[in-house]
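Data from final-v1.pdb: PDB, C-alpha atoms, pLDDT in the B column
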```pdb
ATOM      1  CA  MET A   1     -15.967  13.533 -19.587  1.00 86.00           C
ATOM      2  CA  TRP A   2     -15.583  11.649 -16.322  1.00 89.00           C
ATOM      3  CA  ASN A   3     -12.287   9.761 -15.864  1.00 89.00           C
ATOM      4  CA  GLU A   4     -10.145   8.135 -13.194  1.00 87.00           C
ATOM      5  CA  LYS A   5      -8.066  11.258 -12.606  1.00 89.00           C
ATOM      6  CA  LYS A   6     -11.227  13.271 -11.805  1.00 91.00           C
ATOM      7  CA  SER A   7     -12.411  10.445  -9.579  1.00 93.00           C
ATOM      8  CA  VAL A   8      -9.193  10.567  -7.542  1.00 93.00           C
ATOM      9  CA  THR A   9      -9.445  14.374  -7.335  1.00 92.00           C
ATOM     10  CA  LEU A  10     -13.038  14.079  -6.085  1.00 93.00           C
ATOM     11  CA  SER A  11     -11.946  11.544  -3.457  1.00 95.00           C
ATOM     12  CA  LYS A  12      -9.167  13.885  -2.316  1.00 94.00           C
ATOM     13  CA  MET A  13     -11.618  16.786  -2.076  1.00 94.00           C
ATOM     14  CA  CYS A  14     -14.107  14.720  -0.076  1.00 94.00           C
ATOM     15  CA  THR A  15     -11.329  13.616   2.293  1.00 95.00           C
ATOM     16  CA  ALA A  16     -10.167  17.205   2.752  1.00 95.00           C
ATOM     17  CA  VAL A  17     -13.739  18.427   3.356  1.00 95.00           C
ATOM     18  CA  LEU A  18     -14.320  15.649   5.880  1.00 95.00           C
ATOM     19  CA  LEU A  19     -11.081  16.521   7.668  1.00 95.00           C
ATOM     20  CA  ALA A  20     -12.104  20.176   7.843  1.00 95.00           C
ATOM     21  CA  ALA A  21     -15.589  19.197   9.100  1.00 95.00           C
ATOM     22  CA  LEU A  22     -14.010  16.959  11.747  1.00 94.00           C
ATOM     23  CA  ALA A  23     -11.736  19.794  12.888  1.00 94.00           C
ATOM     24  CA  CYS A  24     -14.776  22.100  13.194  1.00 94.00           C
ATOM     25  CA  PHE A  25     -16.712  19.443  15.088  1.00 93.00           C
ATOM     26  CA  LEU A  26     -13.888  18.889  17.546  1.00 93.00           C
ATOM     27  CA  VAL A  27     -13.834  22.621  18.271  1.00 94.00           C
ATOM     28  CA  ILE A  28     -17.559  22.707  19.051  1.00 93.00           C
ATOM     29  CA  ALA A  29     -17.618  19.180  20.551  1.00 91.00           C
ATOM     30  CA  PRO A  30     -18.240  20.217  24.178  1.00 91.00           C
ATOM     31  CA  GLY A  31     -21.490  22.027  23.283  1.00 90.00           C
ATOM     32  CA  THR A  32     -22.571  19.445  20.703  1.00 87.00           C
ATOM     33  CA  VAL A  33     -22.037  16.493  23.027  1.00 85.00           C
ATOM     34  CA  LYS A  34     -24.030  18.235  25.779  1.00 84.00           C
ATOM     35  CA  TRP A  35     -26.877  18.897  23.346  1.00 82.00           C
ATOM     36  CA  LEU A  36     -26.828  15.293  22.060  1.00 80.00           C
ATOM     37  CA  MET A  37     -26.795  13.934  25.577  1.00 80.00           C
ATOM     38  CA  SER A  38     -29.833  16.044  26.528  1.00 78.00           C
ATOM     39  CA  PHE A  39     -32.190  14.042  24.312  1.00 72.00           C
ATOM     40  CA  THR A  40     -30.403  10.689  23.833  1.00 69.00           C
ATOM     41  CA  LEU A  41     -29.705  10.052  27.506  1.00 61.00           C
ATOM     42  CA  ALA A  42     -32.900  11.636  28.882  1.00 54.00           C
ATOM     43  CA  GLY A  43     -33.811  10.005  32.135  1.00 52.00           C
ATOM     44  CA  LEU A  44     -30.439   8.216  32.527  1.00 55.00           C
ATOM     45  CA  PRO A  45     -27.955   9.027  35.316  1.00 56.00           C
ATOM     46  CA  ASP A  46     -25.768  12.053  34.656  1.00 63.00           C
ATOM     47  CA  GLY A  47     -21.971  12.335  35.027  1.00 69.00           C
ATOM     48  CA  ARG A  48     -21.028  10.816  31.700  1.00 79.00           C
ATOM     49  CA  TYR A  49     -20.391  14.104  29.921  1.00 84.00           C
ATOM     50  CA  SER A  50     -16.619  14.007  30.516  1.00 87.00           C
ATOM     51  CA  TYR A  51     -16.443  10.363  29.390  1.00 89.00           C
ATOM     52  CA  PHE A  52     -18.224  11.259  26.163  1.00 89.00           C
ATOM     53  CA  LEU A  53     -15.784  14.092  25.588  1.00 90.00           C
ATOM     54  CA  ILE A  54     -12.789  11.810  26.151  1.00 92.00           C
ATOM     55  CA  THR A  55     -14.178   9.284  23.670  1.00 94.00           C
ATOM     56  CA  VAL A  56     -14.993  11.970  21.104  1.00 94.00           C
ATOM     57  CA  TYR A  57     -11.575  13.662  21.323  1.00 95.00           C
ATOM     58  CA  THR A  58      -9.449  10.490  21.342  1.00 96.00           C
ATOM     59  CA  GLY A  59     -11.556   8.939  18.587  1.00 96.00           C
ATOM     60  CA  GLY A  60     -11.564  12.239  16.704  1.00 96.00           C
ATOM     61  CA  PHE A  61      -7.769  12.408  16.842  1.00 96.00           C
ATOM     62  CA  LEU A  62      -7.493   8.901  15.371  1.00 96.00           C
ATOM     63  CA  LEU A  63     -10.082   9.761  12.748  1.00 96.00           C
ATOM     64  CA  ALA A  64      -8.145  12.911  11.780  1.00 97.00           C
ATOM     65  CA  LEU A  65      -4.977  10.813  11.492  1.00 97.00           C
ATOM     66  CA  LEU A  66      -6.842   8.303   9.330  1.00 97.00           C
ATOM     67  CA  LEU A  67      -8.093  11.064   7.028  1.00 97.00           C
ATOM     68  CA  VAL A  68      -4.561  12.490   6.690  1.00 97.00           C
ATOM     69  CA  PHE A  69      -3.194   9.056   5.744  1.00 97.00           C
ATOM     70  CA  LEU A  70      -6.073   8.600   3.300  1.00 97.00           C
ATOM     71  CA  TYR A  71      -5.319  11.974   1.714  1.00 97.00           C
ATOM     72  CA  LEU A  72      -1.619  11.083   1.384  1.00 97.00           C
ATOM     73  CA  LEU A  73      -2.597   7.767  -0.235  1.00 97.00           C
ATOM     74  CA  LEU A  74      -4.851   9.544  -2.739  1.00 96.00           C
ATOM     75  CA  ASP A  75      -2.074  12.069  -3.381  1.00 96.00           C
ATOM     76  CA  ASN A  76       0.336   9.243  -4.233  1.00 96.00           C
ATOM     77  CA  ILE A  77      -2.255   7.709  -6.544  1.00 95.00           C
ATOM     78  CA  SER A  78      -2.822  11.027  -8.314  1.00 94.00           C
ATOM     79  CA  LYS A  79       0.955  11.317  -8.888  1.00 94.00           C
ATOM     80  CA  GLY A  80       0.988   7.851 -10.499  1.00 92.00           C
ATOM     81  CA  SER A  81       2.781   6.243  -7.574  1.00 93.00           C
ATOM     82  CA  ILE A  82       0.439   3.318  -6.944  1.00 93.00           C
ATOM     83  CA  PHE A  83       2.373   0.091  -6.526  1.00 94.00           C
ATOM     84  CA  CYS A  84       4.862   1.219  -3.909  1.00 93.00           C
ATOM     85  CA  GLU A  85       5.849   0.438  -0.322  1.00 94.00           C
ATOM     86  CA  LYS A  86       4.684   3.907   0.801  1.00 95.00           C
ATOM     87  CA  ASN A  87       1.087   3.008  -0.053  1.00 97.00           C
ATOM     88  CA  THR A  88       1.156  -0.339   1.781  1.00 97.00           C
ATOM     89  CA  SER A  89       2.573   1.514   4.779  1.00 97.00           C
ATOM     90  CA  LEU A  90      -0.249   4.075   4.599  1.00 97.00           C
ATOM     91  CA  LEU A  91      -2.897   1.346   4.360  1.00 97.00           C
ATOM     92  CA  ARG A  92      -1.334  -0.386   7.364  1.00 97.00           C
ATOM     93  CA  LYS A  93      -1.509   2.862   9.345  1.00 97.00           C
ATOM     94  CA  ILE A  94      -5.141   3.397   8.284  1.00 97.00           C
ATOM     95  CA  SER A  95      -6.046  -0.078   9.529  1.00 97.00           C
ATOM     96  CA  PHE A  96      -4.287   0.642  12.843  1.00 97.00           C
ATOM     97  CA  CYS A  97      -6.357   3.840  13.179  1.00 97.00           C
ATOM     98  CA  CYS A  98      -9.513   1.780  12.633  1.00 97.00           C
ATOM     99  CA  PHE A  99      -8.462  -0.773  15.237  1.00 97.00           C
ATOM    100  CA  GLY A 100      -7.497   2.034  17.615  1.00 97.00           C
ATOM    101  CA  GLY A 101     -10.952   3.531  17.146  1.00 97.00           C
ATOM    102  CA  ALA A 102     -12.485   0.132  17.805  1.00 97.00           C
ATOM    103  CA  ILE A 103     -10.535  -0.175  21.065  1.00 97.00           C
ATOM    104  CA  ILE A 104     -11.608   3.305  22.199  1.00 97.00           C
ATOM    105  CA  SER A 105     -15.247   2.584  21.297  1.00 96.00           C
ATOM    106  CA  GLY A 106     -15.047  -0.817  22.938  1.00 96.00           C
ATOM    107  CA  ILE A 107     -13.789   0.667  26.181  1.00 96.00           C
ATOM    108  CA  SER A 108     -16.498   3.359  25.969  1.00 94.00           C
ATOM    109  CA  THR A 109     -19.221   0.717  26.118  1.00 93.00           C
ATOM    110  CA  ILE A 110     -18.536   0.703  29.852  1.00 91.00           C
ATOM    111  CA  TYR A 111     -20.542   3.907  30.229  1.00 88.00           C
ATOM    112  CA  TYR A 112     -22.691   3.834  27.057  1.00 88.00           C
ATOM    113  CA  PHE A 113     -23.508   0.501  25.410  1.00 89.00           C
ATOM    114  CA  PRO A 114     -24.267   1.716  21.823  1.00 91.00           C
ATOM    115  CA  TRP A 115     -20.542   2.496  21.363  1.00 93.00           C
ATOM    116  CA  LEU A 116     -20.259  -1.260  20.777  1.00 95.00           C
ATOM    117  CA  PHE A 117     -21.786  -0.881  17.323  1.00 95.00           C
ATOM    118  CA  ILE A 118     -19.118   1.675  16.401  1.00 95.00           C
ATOM    119  CA  ALA A 119     -16.440  -0.675  17.736  1.00 97.00           C
ATOM    120  CA  ILE A 120     -17.703  -3.600  15.654  1.00 96.00           C
ATOM    121  CA  ALA A 121     -17.980  -1.461  12.511  1.00 97.00           C
ATOM    122  CA  ALA A 122     -14.446  -0.100  13.058  1.00 97.00           C
ATOM    123  CA  ILE A 123     -13.057  -3.633  13.439  1.00 97.00           C
ATOM    124  CA  PHE A 124     -14.658  -4.701  10.155  1.00 96.00           C
ATOM    125  CA  VAL A 125     -13.383  -1.629   8.301  1.00 97.00           C
ATOM    126  CA  GLY A 126      -9.898  -2.129   9.768  1.00 97.00           C
ATOM    127  CA  LEU A 127      -9.930  -5.746   8.647  1.00 96.00           C
ATOM    128  CA  ILE A 128     -11.021  -4.826   5.119  1.00 97.00           C
ATOM    129  CA  VAL A 129      -8.245  -2.219   4.893  1.00 97.00           C
ATOM    130  CA  ARG A 130      -5.717  -4.816   6.105  1.00 96.00           C
ATOM    131  CA  VAL A 131      -6.809  -7.208   3.387  1.00 96.00           C
ATOM    132  CA  LEU A 132      -6.429  -4.408   0.831  1.00 96.00           C
ATOM    133  CA  LYS A 133      -2.921  -3.775   2.154  1.00 97.00           C
ATOM    134  CA  ASN A 134      -2.064  -7.475   1.731  1.00 96.00           C
ATOM    135  CA  LEU A 135      -3.510  -7.363  -1.785  1.00 96.00           C
ATOM    136  CA  LEU A 136      -1.419  -4.320  -2.693  1.00 96.00           C
ATOM    137  CA  ALA A 137       1.740  -5.875  -1.232  1.00 96.00           C
ATOM    138  CA  GLU A 138       1.211  -8.990  -3.343  1.00 96.00           C
ATOM    139  CA  ALA A 139       0.519  -6.861  -6.426  1.00 96.00           C
ATOM    140  CA  ILE A 140       3.807  -5.006  -5.823  1.00 95.00           C
ATOM    141  CA  ARG A 141       5.666  -8.310  -5.557  1.00 94.00           C
ATOM    142  CA  ILE A 142       4.129  -9.578  -8.823  1.00 94.00           C
ATOM    143  CA  LYS A 143       4.826  -6.270 -10.588  1.00 93.00           C
ATOM    144  CA  GLU A 144       8.457  -6.311  -9.452  1.00 91.00           C
ATOM    145  CA  GLU A 145       8.823  -9.874 -10.662  1.00 90.00           C
ATOM    146  CA  ASN A 146       7.304  -8.911 -14.007  1.00 91.00           C
ATOM    147  CA  GLU A 147       9.598  -5.908 -14.348  1.00 89.00           C
ATOM    148  CA  LEU A 148      12.624  -8.069 -13.596  1.00 91.00           C
ATOM    149  CA  THR A 149      11.581 -10.682 -16.152  1.00 93.00           C
ATOM    150  CA  ILE A 150      13.692  -9.936 -19.223  1.00 91.00           C
TER     151      ILE A 150
ATOM    152  CA  MET B 151      20.831 -16.754  -6.247  1.00 72.00           C
ATOM    153  CA  PRO B 152      21.704 -20.265  -7.520  1.00 88.00           C
ATOM    154  CA  ILE B 153      21.386 -19.307 -11.219  1.00 91.00           C
ATOM    155  CA  ILE B 154      24.418 -17.316 -12.364  1.00 92.00           C
ATOM    156  CA  VAL B 155      24.333 -15.313 -15.578  1.00 94.00           C
ATOM    157  CA  ASN B 156      27.668 -15.375 -17.387  1.00 93.00           C
ATOM    158  CA  LEU B 157      26.545 -12.996 -20.099  1.00 93.00           C
ATOM    159  CA  ASP B 158      29.472 -10.616 -19.635  1.00 92.00           C
ATOM    160  CA  VAL B 159      31.928 -13.508 -20.088  1.00 94.00           C
ATOM    161  CA  VAL B 160      30.355 -14.569 -23.373  1.00 95.00           C
ATOM    162  CA  MET B 161      30.096 -10.932 -24.513  1.00 94.00           C
ATOM    163  CA  ALA B 162      33.817 -10.465 -23.847  1.00 95.00           C
ATOM    164  CA  GLN B 163      34.633 -13.662 -25.767  1.00 94.00           C
ATOM    165  CA  ARG B 164      32.562 -12.518 -28.744  1.00 94.00           C
ATOM    166  CA  LYS B 165      33.868  -8.948 -28.393  1.00 95.00           C
ATOM    167  CA  ILE B 166      30.437  -7.390 -28.488  1.00 94.00           C
ATOM    168  CA  SER B 167      29.364  -4.322 -26.532  1.00 94.00           C
ATOM    169  CA  SER B 168      26.214  -3.950 -24.414  1.00 93.00           C
ATOM    170  CA  GLY B 169      24.715  -1.457 -26.838  1.00 94.00           C
ATOM    171  CA  GLU B 170      25.277  -3.744 -29.826  1.00 93.00           C
ATOM    172  CA  LEU B 171      23.884  -6.793 -28.063  1.00 95.00           C
ATOM    173  CA  ALA B 172      20.862  -4.906 -26.721  1.00 94.00           C
ATOM    174  CA  GLU B 173      20.054  -3.766 -30.253  1.00 94.00           C
ATOM    175  CA  LYS B 174      20.453  -7.255 -31.728  1.00 94.00           C
ATOM    176  CA  VAL B 175      18.320  -8.860 -29.013  1.00 94.00           C
ATOM    177  CA  ASP B 176      15.788  -6.023 -29.075  1.00 93.00           C
ATOM    178  CA  ILE B 177      15.841  -5.265 -25.365  1.00 93.00           C
ATOM    179  CA  SER B 178      16.807  -2.030 -23.643  1.00 93.00           C
ATOM    180  CA  GLN B 179      20.324  -1.500 -22.286  1.00 93.00           C
ATOM    181  CA  ALA B 180      18.782  -1.154 -18.842  1.00 93.00           C
ATOM    182  CA  ASN B 181      17.213  -4.605 -19.097  1.00 93.00           C
ATOM    183  CA  LEU B 182      20.462  -6.049 -20.457  1.00 94.00           C
ATOM    184  CA  SER B 183      22.255  -4.554 -17.476  1.00 94.00           C
ATOM    185  CA  ILE B 184      19.704  -6.146 -15.122  1.00 93.00           C
ATOM    186  CA  LEU B 185      20.409  -9.478 -16.782  1.00 93.00           C
ATOM    187  CA  LYS B 186      24.203  -9.093 -16.662  1.00 92.00           C
ATOM    188  CA  THR B 187      24.262  -8.079 -13.007  1.00 92.00           C
ATOM    189  CA  GLY B 188      22.127 -11.035 -11.910  1.00 90.00           C
ATOM    190  CA  LYS B 189      19.211  -8.915 -10.734  1.00 91.00           C
ATOM    191  CA  ALA B 190      16.728 -10.495 -13.124  1.00 92.00           C
ATOM    192  CA  LYS B 191      14.063 -12.713 -11.558  1.00 91.00           C
ATOM    193  CA  ALA B 192      13.301 -14.608 -14.780  1.00 92.00           C
ATOM    194  CA  VAL B 193      14.239 -14.783 -18.443  1.00 94.00           C
ATOM    195  CA  ARG B 194      11.798 -15.460 -21.230  1.00 94.00           C
ATOM    196  CA  PHE B 195      12.654 -18.219 -23.675  1.00 95.00           C
ATOM    197  CA  SER B 196      12.289 -15.711 -26.490  1.00 94.00           C
ATOM    198  CA  THR B 197      14.961 -13.494 -24.903  1.00 95.00           C
ATOM    199  CA  LEU B 198      17.233 -16.485 -24.264  1.00 95.00           C
ATOM    200  CA  GLU B 199      16.786 -17.580 -27.862  1.00 95.00           C
ATOM    201  CA  ALA B 200      17.657 -14.093 -29.136  1.00 95.00           C
ATOM    202  CA  LEU B 201      20.741 -13.946 -26.888  1.00 95.00           C
ATOM    203  CA  CYS B 202      22.006 -17.350 -28.055  1.00 96.00           C
ATOM    204  CA  LYS B 203      21.418 -16.361 -31.655  1.00 95.00           C
ATOM    205  CA  ALA B 204      23.216 -13.018 -31.263  1.00 95.00           C
ATOM    206  CA  LEU B 205      26.151 -14.534 -29.353  1.00 95.00           C
ATOM    207  CA  ASP B 206      26.221 -17.824 -31.268  1.00 95.00           C
ATOM    208  CA  CYS B 207      26.264 -19.863 -28.098  1.00 95.00           C
ATOM    209  CA  GLN B 208      24.225 -22.335 -26.039  1.00 96.00           C
ATOM    210  CA  PRO B 209      21.965 -21.439 -23.084  1.00 95.00           C
ATOM    211  CA  GLY B 210      24.395 -23.311 -20.850  1.00 95.00           C
ATOM    212  CA  ASP B 211      27.151 -20.883 -21.853  1.00 94.00           C
ATOM    213  CA  ILE B 212      25.089 -17.984 -20.509  1.00 94.00           C
ATOM    214  CA  LEU B 213      23.382 -19.638 -17.540  1.00 94.00           C
ATOM    215  CA  GLU B 214      25.055 -21.621 -14.820  1.00 93.00           C
ATOM    216  CA  TYR B 215      23.624 -23.342 -11.761  1.00 93.00           C
ATOM    217  CA  LYS B 216      25.558 -23.160  -8.525  1.00 90.00           C
ATOM    218  CA  ALA B 217      23.868 -24.554  -5.432  1.00 87.00           C
ATOM    219  CA  ASP B 218      23.660 -22.293  -2.379  1.00 77.00           C
ATOM    220  CA  SER B 219      26.220 -23.127   0.317  1.00 64.00           C
ATOM    221  CA  GLU B 220      23.324 -23.874   2.778  1.00 54.00           C
ATOM    222  CA  ASP B 221      22.051 -26.775   0.552  1.00 48.00           C
TER     223      ASP B 221
END
```
Once more with this new file: its structure as structure tokens, please.
Amino acid sequence: MWNEKKSVTLSKMCTAVLLAALACFLVIAPGTVKWLMSFTLAGLPDGRYSYFLITVYTGGFLLALLLVFLYLLLDNISKGSIFCEKNTSLLRKISFCCFGGAIISGISTIYYFPWLFIAIAAIFVGLIVRVLKNLLAEAIRIKEENELTI
Amino acid sequence: MPIIVNLDVVMAQRKISSGELAEKVDISQANLSILKTGKAKAVRFSTLEALCKALDCQPGDILEYKADSED
């Protein structure tokens, strides 16, 4: 029977799998980026290979950090520790990773315009996570007030 | 906090222990301790009523208002 505990476990597994996939991708990134560039940038001036690699590795590092924070958040939830300062801190860090990714993508539009779409998406996700963090912080405040109402 | 809880004073006057009072009022000793030490954020009327009944006193005997020095 499906339940919330299994749902959290599934989320943790997906996060771990994604983190492992990201690590593998970053290892083979030089070859993959070259291959991608061969058909996406056909006919365009060369010399952007190193820029792509910089974007992929810096963005990949932030993404790995985001996935680690997400895993820690899910771990706290699975242990029953939901309404706590640790979780608001993790959500804040996740939003900063999103905004960091947006900045990196935004700067990367200098050499490849479609990075702009990634930047915009990252800003929106970061904003949504920030709102969730505010929501959780308020929920913690209300819970504390309820617990201290005798 | 401007609201001061003088529960320990009234308990001493009535010579009643925390355990006894907690049982009479039907709250845990932990919650009674939170109330006594002024850490509570709010008190329900039902709890206040039970306290006054158990201690045979008025709400004003248990709760006192003292303005903050900044006011």
Next item on the list: Kindly determine which residues of chain B lie within 6 Å of chain A, considering all atoms listed in the file, and give the answer as an MDAnalysis selection string.
Entry: chainID B and resid 190:193
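What the PyMOL selection byres ((chain B and resi 204-209) around 9) grabs from this file is Val160, Met161, Arg164, Ile166, Leu171, Lys174, Val175, Leu198, Glu199, Ala200, Leu201, Cys202, Lys203, Gly210, Asp211, Ile212, Leu213 and Glu214 of chain B.
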Note to self: Residue by residue, what does the PyMOL selection byres ((chain A and resi 63) around 9) grab here? Present the result as a ChimeraX atom specification.
What the structure shows: /A:19,22,58-62,64-68,97-98,101
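The coordinates place atom CA of Gly126 of chain A at 25.5 Å from atom CA of Lys143 of chain A.
Neighbours of Tyr215 of chain B closer than or equal to 8 Å, with all atoms listed in the file counted and sequence neighbours fewer than 5 positions away skipped, come out as Pro152, Ile153 and Ile154 of chain B.
The gap separating atom CA of Cys24 of chain A from atom CA of Tyr112 of chain A is 24.3 Å, in Å to one decimal.
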Check: If you apply the PyMOL selection byres ((chain A and resi 83-95) around 12) to this file, what residues do you get, as a PyMOL selection string?
Finding: chain A and resi 62-77+79-82+96-102+122-144
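Here the residues that fall within 9 Å of (21.9, 1.1, -22.6), using only C-alpha atoms, are given as Ser168, Gly169, Ala172, Ser178, Gln179, Ala180, Asn181, Leu182 and Ser183 of chain B.
Atom CA of Ala217 of chain B to atom CA of Asn156 of chain B spans 15.5 Å [interatomic distance, one decimal].
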